Amino acid sequence: MNKSIRNESVHSANERNCDRTLLSAYADNELTQQQRQLIDLHIADCAPCAQELKELIQMKNMVKGSSAPSLEADKIEALLEGSGSRIAQTIAWTILIISLCIGLVFSVYEFYFESNLSVFEKLIPSLVWGSIIGLFVSVARQQFIARKTDKYKGVKL
Ligand SMILES: [Zn+2]
């Protein structure tokens, strides 16, 4: 009886181990490998502690001005964002883009083949859309070239 109660309390202590002293020690790199792993496990499930730890590390980074611990901050950032929500976002975007494309194809098809407009009436919007698409493509191309040359500049330096 006593033993089971003790086990339970140890278990719940592990589960909600919201210890700010430990988080601070983690940010200071003062924990053992085992302790760090426990914190890693904990912040994977505990968003407030993950946020707290991220802020602690960012604060330390500002004080130290060193770049090494920012790797830790990136890791926690990734934990906070969660791969699940990123996948959901990608799926949502894909569905949105596909349905927009289908809608566009249908309206273009109806416009050119189902409507009773004259050739001239069909030509004007074609020119308007053609120039809009042409402008968009040329801007996108300029952006792409600019980014590419930036990358090359970075390599040279
Ligand atoms: Zn916590």
# chains A, B, ... in the order shown; residues from 1 in each chain; ligands from 1
$ residues_near_ligand --ligand "ligand 1" --cutoff "10 Å" --atoms "only C-alpha atoms and all ligand atoms" --output "ChimeraX atom specification"
/A:14-20,23,39,42-53
$ write_last_selection --atoms "C-alpha atoms" --output "PDB file, in the first residue's frame"
ATOM      1  CA  ASN A  14       8.438  12.988 -13.178  1.00  0.00           C
ATOM      2  CA  GLU A  15       5.484  13.865 -15.342  1.00  0.00           C
ATOM      3  CA  ARG A  16       5.056  17.434 -14.188  1.00  0.00           C
ATOM      4  CA  ASN A  17       8.588  18.269 -13.251  1.00  0.00           C
ATOM      5  CA  CYS A  18       8.104  21.992 -13.709  1.00  0.00           C
ATOM      6  CA  ASP A  19      11.302  22.976 -11.907  1.00  0.00           C
ATOM      7  CA  ARG A  20      12.542  26.412 -12.922  1.00  0.00           C
ATOM      8  CA  LEU A  23      15.545  24.843 -16.417  1.00  0.00           C
ATOM      9  CA  ILE A  39      14.246  17.972 -19.257  1.00  0.00           C
ATOM     10  CA  HIS A  42       9.552  17.044 -20.125  1.00  0.00           C
ATOM     11  CA  ILE A  43       9.541  20.078 -22.422  1.00  0.00           C
ATOM     12  CA  ALA A  44       8.389  17.913 -25.308  1.00  0.00           C
ATOM     13  CA  ASP A  45       5.088  17.599 -23.400  1.00  0.00           C
ATOM     14  CA  CYS A  46       5.079  20.841 -21.423  1.00  0.00           C
ATOM     15  CA  ALA A  47       4.765  23.964 -23.565  1.00  0.00           C
ATOM     16  CA  PRO A  48       5.106  26.478 -20.645  1.00  0.00           C
ATOM     17  CA  CYS A  49       8.456  24.943 -19.612  1.00  0.00           C
ATOM     18  CA  ALA A  50       9.648  24.804 -23.244  1.00  0.00           C
ATOM     19  CA  GLN A  51       8.781  28.493 -23.629  1.00  0.00           C
ATOM     20  CA  GLU A  52      10.450  29.296 -20.305  1.00  0.00           C
ATOM     21  CA  LEU A  53      13.602  27.416 -21.277  1.00  0.00           C
TER      22      LEU A  53
END
$ atom_distance --atom1 "atom CA of A:Lys60" --atom2 "atom CA of A:Ala25"
11.2 Å
$ atom_distance --atom1 "atom CA of A:Ile76" --atom2 "atom CA of A:Tyr26"
12.3 Å
$ atom_distance --atom1 "atom CA of A:Lys75" --atom2 "atom CA of A:Ile57"
11.3 Å
$ closest_residue --among "A:Arg86, A:Gln34, A:Val108, A:Leu56" --to "A:Trp129" --atoms "only C-alpha atoms"
A:Val108
